[in-house]
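Novice: Structure file structure39.cif (mmCIF, C-alpha atoms) right here:
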data_target
#
loop_
_atom_site.label_atom_id
_atom_site.label_comp_id
_atom_site.auth_asym_id
_atom_site.auth_seq_id
_atom_site.Cartn_x
_atom_site.Cartn_y
_atom_site.Cartn_z
CA MET S 263 -105.35 84.96 63.35
CA ASN S 264 -102.30 83.54 65.09
CA ALA S 265 -100.13 81.97 62.37
CA THR S 266 -98.76 79.42 64.79
CA ASP S 267 -102.12 78.22 66.08
CA PRO S 268 -102.32 74.54 65.04
CA GLN S 269 -106.12 74.68 65.13
CA HIS S 270 -106.37 77.14 62.24
CA LEU S 271 -105.18 76.48 58.74
CA PRO S 272 -105.40 79.62 56.55
CA VAL S 273 -107.69 79.63 53.56
CA GLN S 274 -105.72 78.97 50.38
CA ASP S 275 -105.27 81.58 47.72
CA ASN S 276 -102.37 82.60 45.51
CA ASN S 277 -101.45 85.64 47.57
CA ALA S 278 -97.87 85.49 48.82
CA SER S 279 -98.86 86.75 52.30
CA SER S 280 -101.50 84.05 52.80
CA THR S 281 -99.05 81.45 51.47
CA ALA S 282 -96.55 82.50 54.12
CA VAL S 283 -99.21 82.11 56.82
CA LEU S 284 -100.21 78.71 55.39
CA MET S 285 -96.64 77.41 55.41
CA ASP S 286 -95.96 78.72 58.90
CA ALA S 287 -99.07 76.96 60.21
CA MET S 288 -98.12 73.71 58.43
CA GLY S 289 -94.61 73.93 59.87
CA PHE S 290 -95.94 74.40 63.40
CA LYS S 291 -98.32 71.45 63.03
CA ALA S 292 -95.54 69.24 61.66
CA LYS S 293 -93.26 70.12 64.58
CA VAL S 294 -95.97 69.21 67.09
CA ALA S 295 -96.82 66.00 65.24
CA SER S 296 -93.16 64.98 65.02
CA ALA S 297 -92.97 64.64 68.81
CA HIS S 298 -95.90 62.21 68.74
CA ALA S 299 -94.46 60.31 65.76
CA ALA S 300 -91.05 59.95 67.41
CA ARG S 301 -92.46 58.13 70.43
CA ALA S 302 -95.01 55.98 68.57
CA PRO S 303 -94.57 52.24 69.20
CA ALA S 304 -93.52 50.08 66.26
CA ALA S 305 -96.88 48.25 66.29
CA ILE S 306 -98.78 51.51 65.77
CA LYS S 307 -96.52 52.65 62.92
CA ASN S 308 -96.81 49.27 61.25
CA LYS S 309 -100.60 49.34 61.63
CA ALA S 310 -100.67 52.67 59.79
CA LEU S 311 -98.50 51.30 56.98
CA ARG S 312 -100.60 48.16 56.50
CA GLY S 313 -103.75 50.26 56.64
CA LEU S 314 -102.35 52.59 53.98
CA ALA S 315 -101.53 49.65 51.71
CA ALA S 316 -105.12 48.39 52.04
CA LEU S 317 -106.56 51.84 51.35
CA LEU S 318 -104.44 52.23 48.22
CA ARG S 319 -105.80 48.98 46.81
CA GLN S 320 -109.39 49.70 47.84
CA ASN S 321 -109.34 53.15 46.24
CA ALA S 322 -107.38 52.34 43.08
CA ALA S 323 -110.18 53.44 40.74
CA THR S 324 -110.62 56.78 42.51
CA LEU S 325 -106.88 57.41 42.52
CA GLN S 326 -106.53 56.62 38.83
CA ALA S 327 -109.46 58.91 38.00
CA ALA S 328 -107.71 61.76 39.84
CA ASN S 329 -104.49 60.91 38.04
CA GLN S 330 -106.27 60.96 34.68
CA ARG S 331 -107.42 64.53 35.36
CA ASP S 332 -103.78 65.49 35.90
CA LEU S 333 -102.70 63.65 32.75
CA ASP S 334 -105.38 65.31 30.63
CA ARG S 335 -104.47 68.77 31.89
CA ALA S 336 -100.74 68.13 31.43
CA ALA S 337 -101.20 66.81 27.89
CA ALA S 338 -103.30 69.84 26.98
CA ALA S 339 -100.53 72.07 28.33
CA GLY S 340 -97.97 70.32 26.12
CA LEU S 341 -95.99 68.51 28.82
CA ALA S 342 -93.17 66.49 27.21
CA GLY S 343 -93.50 62.73 26.78
CA PRO S 344 -90.98 61.65 29.44
CA LEU S 345 -92.64 63.97 31.98
CA LEU S 346 -96.07 62.60 31.11
CA ASP S 347 -94.66 59.13 31.69
CA ARG S 348 -93.46 60.18 35.14
CA LEU S 349 -96.91 61.56 35.93
CA LYS S 350 -98.78 58.31 35.25
CA LEU S 351 -100.13 56.41 38.24
CA GLY S 352 -101.09 53.03 36.82
CA ALA S 353 -102.29 49.89 38.55
CA LYS S 354 -98.71 48.54 38.65
CA ASP S 355 -97.46 51.77 40.25
CA LEU S 356 -100.14 51.63 42.94
CA GLU S 357 -99.39 47.99 43.69
CA THR S 358 -95.67 48.77 43.94
CA VAL S 359 -96.18 51.51 46.54
CA ALA S 360 -98.69 49.36 48.43
CA LEU S 361 -96.14 46.55 48.55
CA GLY S 362 -93.54 49.08 49.68
CA CYS S 363 -95.75 50.01 52.65
CA GLU S 364 -96.11 46.35 53.57
CA GLN S 365 -92.38 45.75 53.14
CA LEU S 366 -91.66 48.64 55.50
CA ALA S 367 -94.17 47.32 58.04
CA ALA S 368 -92.39 43.96 58.02
CA MET S 369 -88.97 45.49 58.64
CA PRO S 370 -87.48 45.88 62.12
CA ASP S 371 -87.96 49.24 63.81
CA VAL S 372 -84.55 50.92 64.03
CA ILE S 373 -85.74 53.84 66.17
CA GLY S 374 -84.25 53.57 69.65
CA GLU S 375 -81.65 51.03 68.54
CA ILE S 376 -78.35 51.44 70.42
CA ILE S 377 -75.15 50.58 68.60
CA GLY S 378 -71.45 50.49 69.43
CA MET S 379 -71.82 50.42 73.21
CA LYS S 380 -68.32 50.25 74.74
CA GLU S 381 -67.02 50.60 78.26
CA GLN S 382 -64.40 53.30 78.76
CA PRO S 383 -61.51 53.30 81.28
CA SER S 384 -63.53 55.63 83.49
CA GLY S 385 -66.25 53.00 83.84
CA ILE S 386 -68.88 54.78 81.75
CA ARG S 387 -70.37 52.97 78.75
CA VAL S 388 -70.76 55.02 75.56
CA GLY S 389 -72.86 54.16 72.51
CA GLN S 390 -75.15 55.73 69.94
CA MET S 391 -78.93 55.64 69.69
CA ARG S 392 -80.80 55.96 66.40
CA VAL S 393 -83.46 58.68 66.53
CA PRO S 394 -85.77 60.42 64.02
CA ILE S 395 -84.52 63.57 62.32
CA GLY S 396 -87.77 65.38 63.19
CA VAL S 397 -89.47 67.11 60.25
CA PHE S 398 -88.42 66.78 56.64
CA GLY S 399 -89.72 68.74 53.70
CA MET S 400 -90.07 66.91 50.39
CA ILE S 401 -90.25 68.87 47.12
CA TYR S 402 -90.82 66.82 44.01
CA GLU S 403 -92.04 67.00 40.44
CA SER S 404 -94.31 64.80 38.36
CA ARG S 405 -94.21 61.38 40.03
CA PRO S 406 -97.22 61.09 42.38
CA ASN S 407 -95.98 57.75 43.73
CA VAL S 408 -93.38 59.81 45.63
CA THR S 409 -96.23 61.02 47.87
CA ILE S 410 -96.67 57.49 49.22
CA GLU S 411 -92.97 56.67 49.30
CA ALA S 412 -92.24 59.79 51.35
CA ALA S 413 -95.25 59.33 53.62
CA SER S 414 -94.55 55.68 54.32
CA LEU S 415 -90.92 56.33 55.15
CA ALA S 416 -91.91 59.21 57.42
CA ILE S 417 -94.29 56.92 59.29
CA LYS S 418 -91.77 54.09 59.72
CA SER S 419 -88.91 56.39 60.72
CA GLY S 420 -90.96 58.31 63.28
CA ASN S 421 -90.67 61.63 61.46
CA ALA S 422 -93.23 64.17 60.33
CA CYS S 423 -93.10 65.51 56.79
CA ILE S 424 -94.43 68.32 54.64
CA LEU S 425 -94.86 67.31 51.00
CA ARG S 426 -94.88 69.74 48.11
CA GLY S 427 -95.58 67.94 44.82
CA GLY S 428 -95.56 69.49 41.38
CA SER S 429 -98.57 71.47 40.19
CA GLU S 430 -98.99 68.99 37.33
CA ALA S 431 -99.84 66.22 39.84
CA ILE S 432 -101.97 68.19 42.29
CA GLU S 433 -105.16 66.09 41.91
CA SER S 434 -103.28 62.80 42.26
CA ASN S 435 -101.30 64.02 45.26
CA LYS S 436 -104.38 65.35 47.08
CA ALA S 437 -106.15 62.02 46.64
CA LEU S 438 -103.13 60.08 47.88
CA ALA S 439 -102.47 62.40 50.83
CA ALA S 440 -106.08 62.05 51.97
CA LEU S 441 -105.62 58.28 52.21
CA VAL S 442 -102.36 58.73 54.12
CA GLN S 443 -104.05 60.92 56.71
CA GLN S 444 -106.94 58.46 56.98
CA ALA S 445 -104.49 55.63 57.67
CA LEU S 446 -102.67 57.72 60.30
CA LEU S 447 -105.86 58.56 62.15
CA GLU S 448 -107.14 54.99 62.05
CA ALA S 449 -103.87 53.82 63.60
CA GLY S 450 -103.98 56.45 66.35
CA LEU S 451 -101.30 58.75 64.94
CA PRO S 452 -101.73 62.49 64.26
CA ALA S 453 -102.88 63.29 60.73
CA ASP S 454 -100.50 66.27 60.72
CA ALA S 455 -97.54 63.88 60.70
CA VAL S 456 -97.92 63.89 56.90
CA GLN S 457 -99.16 67.09 55.26
CA LEU S 458 -99.43 67.98 51.60
CA VAL S 459 -99.06 71.63 50.63
CA PRO S 460 -102.51 72.29 49.09
CA THR S 461 -101.52 75.26 46.93
CA THR S 462 -99.69 75.35 43.60
CA ASP S 463 -98.32 78.80 44.47
CA ARG S 464 -94.56 78.65 43.88
CA GLU S 465 -94.02 80.89 46.90
CA ALA S 466 -94.75 77.83 49.05
CA VAL S 467 -91.41 76.27 48.10
CA GLY S 468 -89.52 79.41 49.06
CA HIS S 469 -91.12 79.38 52.50
CA LEU S 470 -90.68 75.64 53.06
CA ILE S 471 -86.93 75.72 52.47
CA THR S 472 -86.39 78.70 54.77
CA MET S 473 -88.15 77.49 57.95
CA PRO S 474 -85.34 76.05 60.12
CA GLN S 475 -87.51 76.61 63.18
CA TYR S 476 -89.79 73.83 61.90
CA VAL S 477 -87.98 71.86 59.18
CA ASP S 478 -84.83 69.84 59.84
CA VAL S 479 -83.93 68.72 56.32
CA ILE S 480 -85.17 69.32 52.75
CA ILE S 481 -85.20 66.57 50.13
CA PRO S 482 -85.74 67.78 46.55
CA ARG S 483 -86.57 65.26 43.84
CA GLY S 484 -86.96 66.58 40.33
CA GLY S 485 -85.19 68.41 37.53
CA LYS S 486 -81.73 69.90 37.79
CA GLY S 487 -83.09 73.46 37.85
CA LEU S 488 -85.33 72.75 40.84
CA ILE S 489 -82.55 71.08 42.81
CA GLU S 490 -80.00 73.80 42.02
CA ARG S 491 -82.45 76.46 43.19
CA ILE S 492 -83.21 74.66 46.44
CA SER S 493 -79.53 73.95 47.14
CA ARG S 494 -78.77 77.64 46.60
CA ASP S 495 -81.63 79.15 48.61
CA ALA S 496 -82.35 76.65 51.40
CA LYS S 497 -81.63 77.63 55.00
CA VAL S 498 -81.80 74.01 56.17
CA PRO S 499 -79.66 71.02 55.12
CA VAL S 500 -80.48 69.42 51.75
CA ILE S 501 -80.23 65.74 50.70
CA LYS S 502 -80.03 65.68 46.91
CA HIS S 503 -78.72 64.51 43.57
CA LEU S 504 -78.56 66.79 40.53
CA ASP S 505 -78.33 64.37 37.60
CA GLY S 506 -78.69 60.72 36.71
CA ASN S 507 -75.96 60.31 34.08
CA CYS S 508 -75.53 56.56 34.63
CA HIS S 509 -73.11 54.27 32.76
CA VAL S 510 -72.86 50.65 31.74
CA TYR S 511 -69.32 49.52 30.94
CA VAL S 512 -69.03 46.32 28.86
CA ASP S 513 -65.68 44.80 29.77
CA ASP S 514 -63.29 42.46 28.01
CA PRO S 515 -63.86 39.64 28.88
CA CYS S 516 -67.62 39.42 29.43
CA ASP S 517 -70.64 37.26 28.67
CA ILE S 518 -71.84 38.97 25.48
CA ALA S 519 -75.43 37.75 25.82
CA MET S 520 -75.55 39.04 29.39
CA ALA S 521 -74.05 42.36 28.33
CA VAL S 522 -76.66 42.79 25.60
CA ARG S 523 -79.47 41.96 28.02
CA ILE S 524 -78.22 44.38 30.69
CA ALA S 525 -77.45 47.23 28.27
CA GLU S 526 -80.90 46.91 26.70
CA ASN S 527 -82.72 46.84 30.04
CA ALA S 528 -80.66 49.62 31.61
CA LYS S 529 -81.53 51.96 28.75
CA THR S 530 -84.97 50.91 27.47
CA GLN S 531 -86.91 49.38 30.37
CA LYS S 532 -88.01 52.94 31.17
CA TYR S 533 -86.46 56.12 29.79
CA SER S 534 -87.53 58.71 32.36
CA PRO S 535 -86.03 57.53 35.71
CA CYS S 536 -82.76 58.88 37.02
CA ASN S 537 -81.30 55.35 37.15
CA ALA S 538 -81.74 54.70 33.42
CA THR S 539 -78.39 54.34 31.66
CA GLU S 540 -77.43 57.32 29.52
CA SER S 541 -73.94 56.28 28.42
CA LEU S 542 -72.53 52.96 27.20
CA LEU S 543 -68.79 52.29 27.37
CA VAL S 544 -67.45 49.27 25.47
CA ALA S 545 -64.02 47.67 25.64
CA ARG S 546 -62.48 47.53 22.15
CA GLY S 547 -61.75 43.82 22.52
CA VAL S 548 -65.48 42.93 22.55
CA ALA S 549 -66.87 45.81 20.49
CA ALA S 550 -67.03 43.95 17.15
CA GLU S 551 -69.19 41.22 18.69
CA PHE S 552 -71.23 43.28 21.13
CA LEU S 553 -71.98 46.59 19.41
CA PRO S 554 -73.91 45.36 16.34
CA ARG S 555 -76.13 43.21 18.58
CA ILE S 556 -77.06 45.98 21.01
CA ALA S 557 -77.40 48.49 18.18
CA ALA S 558 -79.95 46.26 16.44
CA LEU S 559 -82.05 46.18 19.63
CA TYR S 560 -81.75 49.92 20.12
CA ALA S 561 -82.69 50.49 16.49
CA ALA S 562 -85.80 48.33 16.88
CA LYS S 563 -86.87 50.48 19.85
CA GLY S 564 -86.07 53.82 18.20
CA VAL S 565 -83.10 54.66 20.43
CA GLU S 566 -80.79 57.28 18.95
CA MET S 567 -77.09 56.46 19.38
CA ARG S 568 -74.55 59.26 19.72
CA CYS S 569 -71.17 57.66 19.13
CA ASP S 570 -67.48 58.39 19.20
CA ALA S 571 -65.66 57.99 15.85
CA GLN S 572 -64.84 54.30 16.31
CA ALA S 573 -68.34 53.26 17.41
CA LEU S 574 -69.90 55.38 14.66
CA ALA S 575 -67.84 53.61 12.00
CA MET S 576 -68.96 50.20 13.31
CA LEU S 577 -72.67 51.02 13.62
CA GLN S 578 -73.48 52.96 10.45
CA ALA S 579 -74.13 49.70 8.60
CA VAL S 580 -76.65 48.38 11.18
CA PRO S 581 -80.11 48.36 9.51
CA GLY S 582 -82.40 51.06 10.90
CA ALA S 583 -79.82 52.40 13.34
CA GLN S 584 -80.14 56.08 14.23
CA VAL S 585 -76.50 57.05 14.72
CA GLN S 586 -74.67 60.33 14.79
CA ALA S 587 -71.38 61.70 16.04
CA ALA S 588 -71.28 62.48 19.75
CA THR S 589 -70.27 65.91 21.02
CA GLU S 590 -68.34 66.61 24.21
CA GLN S 591 -71.64 67.53 25.90
CA ASP S 592 -73.09 64.09 25.20
CA TRP S 593 -70.71 62.43 27.67
CA SER S 594 -72.24 64.48 30.51
CA GLU S 595 -75.86 64.45 29.38
CA GLU S 596 -78.88 63.06 31.24
CA TYR S 597 -81.27 62.49 28.31
CA LEU S 598 -84.33 60.98 30.05
CA ALA S 599 -85.27 59.94 26.52
CA PRO S 600 -84.52 57.22 23.92
CA ILE S 601 -80.99 58.53 23.35
CA ILE S 602 -77.70 57.00 24.49
CA SER S 603 -74.05 57.97 24.08
CA ILE S 604 -71.60 55.21 23.11
CA LYS S 605 -67.82 55.26 23.45
CA LEU S 606 -65.11 52.64 22.92
CA VAL S 607 -62.38 52.41 25.58
CA ALA S 608 -59.16 50.44 25.92
CA GLY S 609 -60.25 48.67 29.09
CA VAL S 610 -61.32 49.02 32.71
CA ASP S 611 -58.83 51.77 33.62
CA GLU S 612 -60.04 54.09 30.85
CA ALA S 613 -63.67 53.25 31.64
CA ILE S 614 -63.24 54.18 35.30
CA ALA S 615 -61.43 57.41 34.42
CA HIS S 616 -64.21 58.37 31.96
CA ILE S 617 -66.96 57.60 34.48
CA ASN S 618 -65.35 59.52 37.32
CA HIS S 619 -64.86 62.52 35.03
CA TYR S 620 -68.29 62.66 33.34
CA SER S 621 -70.61 60.74 35.67
CA SER S 622 -73.09 62.41 38.00
CA HIS S 623 -71.96 59.85 40.62
CA HIS S 624 -75.41 58.28 40.76
CA THR S 625 -75.18 54.67 39.48
CA ASP S 626 -72.64 52.94 37.28
CA ALA S 627 -72.29 49.26 36.28
CA ILE S 628 -69.70 46.90 34.82
CA VAL S 629 -70.46 43.72 32.89
CA THR S 630 -67.46 41.42 33.20
CA ARG S 631 -66.13 37.90 33.70
CA ASP S 632 -62.93 39.17 35.31
CA HIS S 633 -63.13 39.15 39.12
CA MET S 634 -60.20 41.55 39.49
CA HIS S 635 -61.77 44.03 37.06
CA ALA S 636 -65.03 43.81 39.00
CA GLN S 637 -63.28 44.48 42.31
CA GLN S 638 -61.33 47.40 40.83
CA PHE S 639 -64.53 48.90 39.42
CA LEU S 640 -66.30 48.59 42.79
CA ARG S 641 -63.39 50.21 44.63
CA GLU S 642 -62.53 53.02 42.24
CA VAL S 643 -65.80 54.23 40.70
CA ASP S 644 -66.89 57.21 42.81
CA SER S 645 -70.67 56.79 42.68
CA ALA S 646 -73.49 56.26 45.15
CA SER S 647 -74.29 52.84 43.66
CA VAL S 648 -71.75 50.68 41.83
CA MET S 649 -72.88 47.43 40.24
CA VAL S 650 -71.39 44.27 38.77
CA ASN S 651 -73.35 42.33 36.13
CA ALA S 652 -76.68 44.04 36.86
CA SER S 653 -78.83 46.76 35.29
CA THR S 654 -78.57 50.28 36.66
CA ARG S 655 -82.38 50.24 36.85
CA PHE S 656 -82.02 48.36 40.15
CA ALA S 657 -80.77 51.53 41.89
CA ASP S 658 -84.00 52.01 43.78
CA GLY S 659 -85.06 51.80 47.40
CA PHE S 660 -87.75 49.18 46.79
CA GLU S 661 -85.37 46.99 44.76
CA TYR S 662 -82.69 47.38 47.45
CA GLY S 663 -85.09 46.06 50.07
CA LEU S 664 -85.49 49.41 51.81
CA GLY S 665 -89.28 49.25 51.47
CA ALA S 666 -89.29 52.59 49.67
CA GLU S 667 -86.96 55.49 49.09
CA ILE S 668 -87.26 59.17 49.78
CA GLY S 669 -84.81 59.86 46.97
CA ILE S 670 -81.25 59.11 45.91
CA SER S 671 -78.37 61.09 47.34
CA THR S 672 -75.08 61.64 45.55
CA ASP S 673 -73.76 63.62 48.52
CA LYS S 674 -71.17 61.97 50.74
CA PHE S 675 -72.36 63.13 54.14
CA HIS S 676 -75.06 61.44 56.22
CA ALA S 677 -76.88 59.62 53.41
CA ARG S 678 -75.67 58.27 50.05
CA GLY S 679 -77.51 56.27 47.42
CA PRO S 680 -81.20 55.37 47.86
CA VAL S 681 -82.33 57.02 51.09
CA GLY S 682 -84.56 54.77 53.18
CA ILE S 683 -85.36 54.59 56.89
CA GLU S 684 -81.80 55.00 58.18
CA GLY S 685 -81.23 58.00 55.92
CA LEU S 686 -84.12 59.73 57.73
CA THR S 687 -82.59 59.17 61.14
CA SER S 688 -79.73 60.59 63.13
CA LEU S 689 -77.52 59.20 65.88
CA LYS S 690 -77.12 60.68 69.32
CA TYR S 691 -74.59 59.59 71.91
CA VAL S 692 -75.90 57.88 75.01
CA VAL S 693 -73.80 57.41 78.12
CA LEU S 694 -74.58 54.89 80.87
CA GLY S 695 -72.91 55.22 84.22
CA GLN S 696 -73.05 54.01 87.81
CA GLY S 697 -72.16 57.22 89.61
CA GLU S 698 -68.85 57.93 87.84
CA VAL S 699 -67.45 61.47 88.04
CA ARG S 700 -64.61 62.98 86.05
CA THR S 701 -61.38 63.60 87.88
#
Please rewrite the model in this file as structure tokens.
Specialist:
Amino acid sequence: MNATDPQHLPVQDNNASSTAVLMDAMGFKAKVASAHAARAPAAIKNKALRGLAALLRQNAATLQAANQRDLDRAAAAGLAGPLLDRLKLGAKDLETVALGCEQLAAMPDVIGEIIGMKEQPSGIRVGQMRVPIGVFGMIYESRPNVTIEAASLAIKSGNACILRGGSEAIESNKALAALVQQALLEAGLPADAVQLVPTTDREAVGHLITMPQYVDVIIPRGGKGLIERISRDAKVPVIKHLDGNCHVYVDDPCDIAMAVRIAENAKTQKYSPCNATESLLVARGVAAEFLPRIAALYAAKGVEMRCDAQALAMLQAVPGAQVQAATEQDWSEEYLAPIISIKLVAGVDEAIAHINHYSSHHTDAIVTRDHMHAQQFLREVDSASVMVNASTRFADGFEYGLGAEIGISTDKFHARGPVGIEGLTSLKYVVLGQGEVRT
């Protein structure tokens, strides 16, 4: 069999040779489909997105049944609580991704947009046109909603994609991918524009990240070990973030009630996402009023507090509080669990220095009434998202109005922060002339 024949997909088994043939065939199909996707009119792409949203709602029961099979298998295998939480595909999750598809459909189509057109002394006009990247590979763990987020962004941005979800979510991802391909076909787009790797063979990842002839960029979304491995071994560019060690800094002065509300939400609204706050910094001037109030809420929700010496002394008397001394490692830790580190600081300068030293440069927030402190924090904190008087949990493509996100990048080239449509595009120079020649 010809491995590059798009009419033949190899039969799946867990043999490394057949996996290589499978991935080569998927890569070829994606490359062919990407040319069709790149020239698809906006109306066709939007039809596919609205159709996908409708299919998700119509098939909610079937999707949740598939998800339950994954949950049952994962629980039996002893998957940790936070990872089980990431694996769940509830009614609210399905509605969120359906709304994301509709939000994307309602957004302007940026493909083909020309920006910065300027006439040069020679008479030529030079600008840049936004174009699809081509084919992206998405490698992710646990969260099956990523299947729809990645697929919907691929459709809107005129790219093709190859999705490789975690083995723990294989039933959920297959059910979701089938609906994606149905929506593509019904809109007149090639089904191969979005493909899900059908095998749980780990060799598939190794092949996907080393196919520059087919794949233009890899986007990993999962644990630090996965992302480190892909960054090390990939032969194509990678858009990534390694950790989500996010901070909330409670400034002096601030609205204490607001600070309590934000610090509670940023930590406890959901423990498993990368934008949950893992470290709380508190200005000494407001600590006596703020800390006992937030500690009481954390205690009620079973959140363990790992504190520096000053915070520990203040919180040991709070009824029910689970407190212990922080170690140096705690300042860098992404817990993804009901644990938070707490440190007192002199003020905004020390808070910024601490964040820039220990942060993963994902998302960090200040709660303050001081406009100058807010502006300094925005300017000097070196993170992909920097917030004033808002929960770090807002660091999300849907919440940012991007329709969906393919992931969050803490890199500084090409894409940074939640990666939406524009992060999946590139710019090429276009030159318009009227017969000019260079002399």
Novice: At most 12 Å is the cut-off: for each residue in stretch 510-580 of chain S with any atom that close to an atom of stretch 345-356 of chain S, write down the nearest atom pair and the distance in Å rounded to one decimal, counting all atoms listed in the file, chain first then increasing number, as a Markdown table.
Specialist:
| residue | atom | partner | partner_atom | distance |
| --- | --- | --- | --- | --- |
| S:Lys532 | CA | S:Asp347 | CA | 9.1 |
| S:Tyr533 | CA | S:Asp347 | CA | 8.9 |
| S:Ser534 | CA | S:Arg348 | CA | 6.7 |
| S:Pro535 | CA | S:Arg348 | CA | 7.9 |
| S:Cys536 | CA | S:Arg348 | CA | 10.9 |
Novice: Skip S:Glu551 itself and residues of its chain fewer than 3 positions away, then list as a list of chain:residue names all residues within 12 Å of it, counting all atoms listed in the file.
Specialist: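 Non-adjacent residues within range: S:Val512, S:Asp514, S:Pro515, S:Cys516, S:Asp517, S:Ile518, S:Ala519, S:Ala521, S:Val522, S:Val544, S:Ala545, S:Arg546, S:Gly547, S:Val548, S:Pro554, S:Arg555, S:Ile556, S:Ala557, S:Met576, S:Leu577.
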Novice: Restricting the calculation to all atoms listed in the file, which member of S:Ser603, S:Gln638, S:Asn435, S:Ser671 is positioned closest to S:Pro406?
Specialist: S:Asn435
Novice: Residues of stretch 572-653 of chain S within 9 Å of stretch 679-689 of chain S: nearest atom pair and distance (Å, one decimal) for each, counting only C-alpha atoms, sorted by chain and number, as a Markdown table?
Specialist:
| residue | atom | partner | partner_atom | distance |
| --- | --- | --- | --- | --- |
| S:His624 | CA | S:Gly679 | CA | 7.3 |
| S:Thr625 | CA | S:Gly679 | CA | 8.4 |
| S:Ser645 | CA | S:Gly679 | CA | 8.3 |
| S:Ala646 | CA | S:Gly679 | CA | 4.6 |
| S:Ser647 | CA | S:Gly679 | CA | 6.0 |
Novice: Closest to S:Ser296 among S:Leu488, S:Met379, S:Ala422, S:Leu317, using only C-alpha atoms?
Specialist: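 Among the listed residues, the smallest separation from S:Ser296 belongs to S:Ala422.
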Novice: Find the residues around S:Lys436 up to 10 Å (only C-alpha atoms counted), leave out those fewer than 3 positions away in its own chain, and share them as a PDB file with C-alpha atoms, in the coordinates of the input.
Specialist:
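Full text of result_8.pdb as output:
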ATOM      1  CA  LEU S 325    -106.880  57.410  42.520  1.00  0.00           C
ATOM      2  CA  ALA S 328    -107.710  61.760  39.840  1.00  0.00           C
ATOM      3  CA  PRO S 406     -97.220  61.090  42.380  1.00  0.00           C
ATOM      4  CA  THR S 409     -96.230  61.020  47.870  1.00  0.00           C
ATOM      5  CA  GLY S 427     -95.580  67.940  44.820  1.00  0.00           C
ATOM      6  CA  ALA S 431     -99.840  66.220  39.840  1.00  0.00           C
ATOM      7  CA  ILE S 432    -101.970  68.190  42.290  1.00  0.00           C
ATOM      8  CA  GLU S 433    -105.160  66.090  41.910  1.00  0.00           C
ATOM      9  CA  ALA S 439    -102.470  62.400  50.830  1.00  0.00           C
ATOM     10  CA  ALA S 440    -106.080  62.050  51.970  1.00  0.00           C
ATOM     11  CA  LEU S 441    -105.620  58.280  52.210  1.00  0.00           C
ATOM     12  CA  VAL S 442    -102.360  58.730  54.120  1.00  0.00           C
ATOM     13  CA  GLN S 457     -99.160  67.090  55.260  1.00  0.00           C
ATOM     14  CA  LEU S 458     -99.430  67.980  51.600  1.00  0.00           C
ATOM     15  CA  VAL S 459     -99.060  71.630  50.630  1.00  0.00           C
ATOM     16  CA  PRO S 460    -102.510  72.290  49.090  1.00  0.00           C
TER      17      PRO S 460
END
Novice: Quick one: apply the PyMOL selection byres ((chain S and resi 367) around 9) to the file and drop the selected residues here as a PyMOL selection string.
Specialist: chain S and resi 304-305+307-312+362-366+368-371+418+665
Novice: Since we have the selection now, will you write its residues out, keeping C-alpha atoms, as a PDB file, in the frame of the given file?
Specialist:
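File again_38.pdb, as written:
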ATOM      1  CA  ALA S 304     -93.520  50.080  66.260  1.00  0.00           C
ATOM      2  CA  ALA S 305     -96.880  48.250  66.290  1.00  0.00           C
ATOM      3  CA  LYS S 307     -96.520  52.650  62.920  1.00  0.00           C
ATOM      4  CA  ASN S 308     -96.810  49.270  61.250  1.00  0.00           C
ATOM      5  CA  LYS S 309    -100.600  49.340  61.630  1.00  0.00           C
ATOM      6  CA  ALA S 310    -100.670  52.670  59.790  1.00  0.00           C
ATOM      7  CA  LEU S 311     -98.500  51.300  56.980  1.00  0.00           C
ATOM      8  CA  ARG S 312    -100.600  48.160  56.500  1.00  0.00           C
ATOM      9  CA  GLY S 362     -93.540  49.080  49.680  1.00  0.00           C
ATOM     10  CA  CYS S 363     -95.750  50.010  52.650  1.00  0.00           C
ATOM     11  CA  GLU S 364     -96.110  46.350  53.570  1.00  0.00           C
ATOM     12  CA  GLN S 365     -92.380  45.750  53.140  1.00  0.00           C
ATOM     13  CA  LEU S 366     -91.660  48.640  55.500  1.00  0.00           C
ATOM     14  CA  ALA S 368     -92.390  43.960  58.020  1.00  0.00           C
ATOM     15  CA  MET S 369     -88.970  45.490  58.640  1.00  0.00           C
ATOM     16  CA  PRO S 370     -87.480  45.880  62.120  1.00  0.00           C
ATOM     17  CA  ASP S 371     -87.960  49.240  63.810  1.00  0.00           C
ATOM     18  CA  LYS S 418     -91.770  54.090  59.720  1.00  0.00           C
ATOM     19  CA  GLY S 665     -89.280  49.250  51.470  1.00  0.00           C
TER      20      GLY S 665
END
Novice: Can you give me, as a list in words, the residues this file yields under the PyMOL selection byres ((chain S and resi 564) around 10)?
Specialist: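 That selection, the PyMOL selection byres ((chain S and resi 564) around 10), comes back as Thr530, Ala558, Leu559, Tyr560, Ala561, Ala562, Lys563, Val565, Glu566, Met567, Gly582, Ala583, Gln584, Pro600 and Ile601 of chain S.
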Novice: Keeping only C-alpha atoms, take the residues you just selected and write them out as a short mmCIF file (atom, residue, chain, number, x, y, z; two decimals), in the frame of the given file.
Specialist:
data_model
loop_
_atom_site.label_atom_id
_atom_site.label_comp_id
_atom_site.auth_asym_id
_atom_site.auth_seq_id
_atom_site.Cartn_x
_atom_site.Cartn_y
_atom_site.Cartn_z
CA THR S 530 -84.97 50.91 27.47
CA ALA S 558 -79.95 46.26 16.44
CA LEU S 559 -82.05 46.18 19.63
CA TYR S 560 -81.75 49.92 20.12
CA ALA S 561 -82.69 50.49 16.49
CA ALA S 562 -85.80 48.33 16.88
CA LYS S 563 -86.87 50.48 19.85
CA VAL S 565 -83.10 54.66 20.43
CA GLU S 566 -80.79 57.28 18.95
CA MET S 567 -77.09 56.46 19.38
CA GLY S 582 -82.40 51.06 10.90
CA ALA S 583 -79.82 52.40 13.34
CA GLN S 584 -80.14 56.08 14.23
CA PRO S 600 -84.52 57.22 23.92
CA ILE S 601 -80.99 58.53 23.35
#
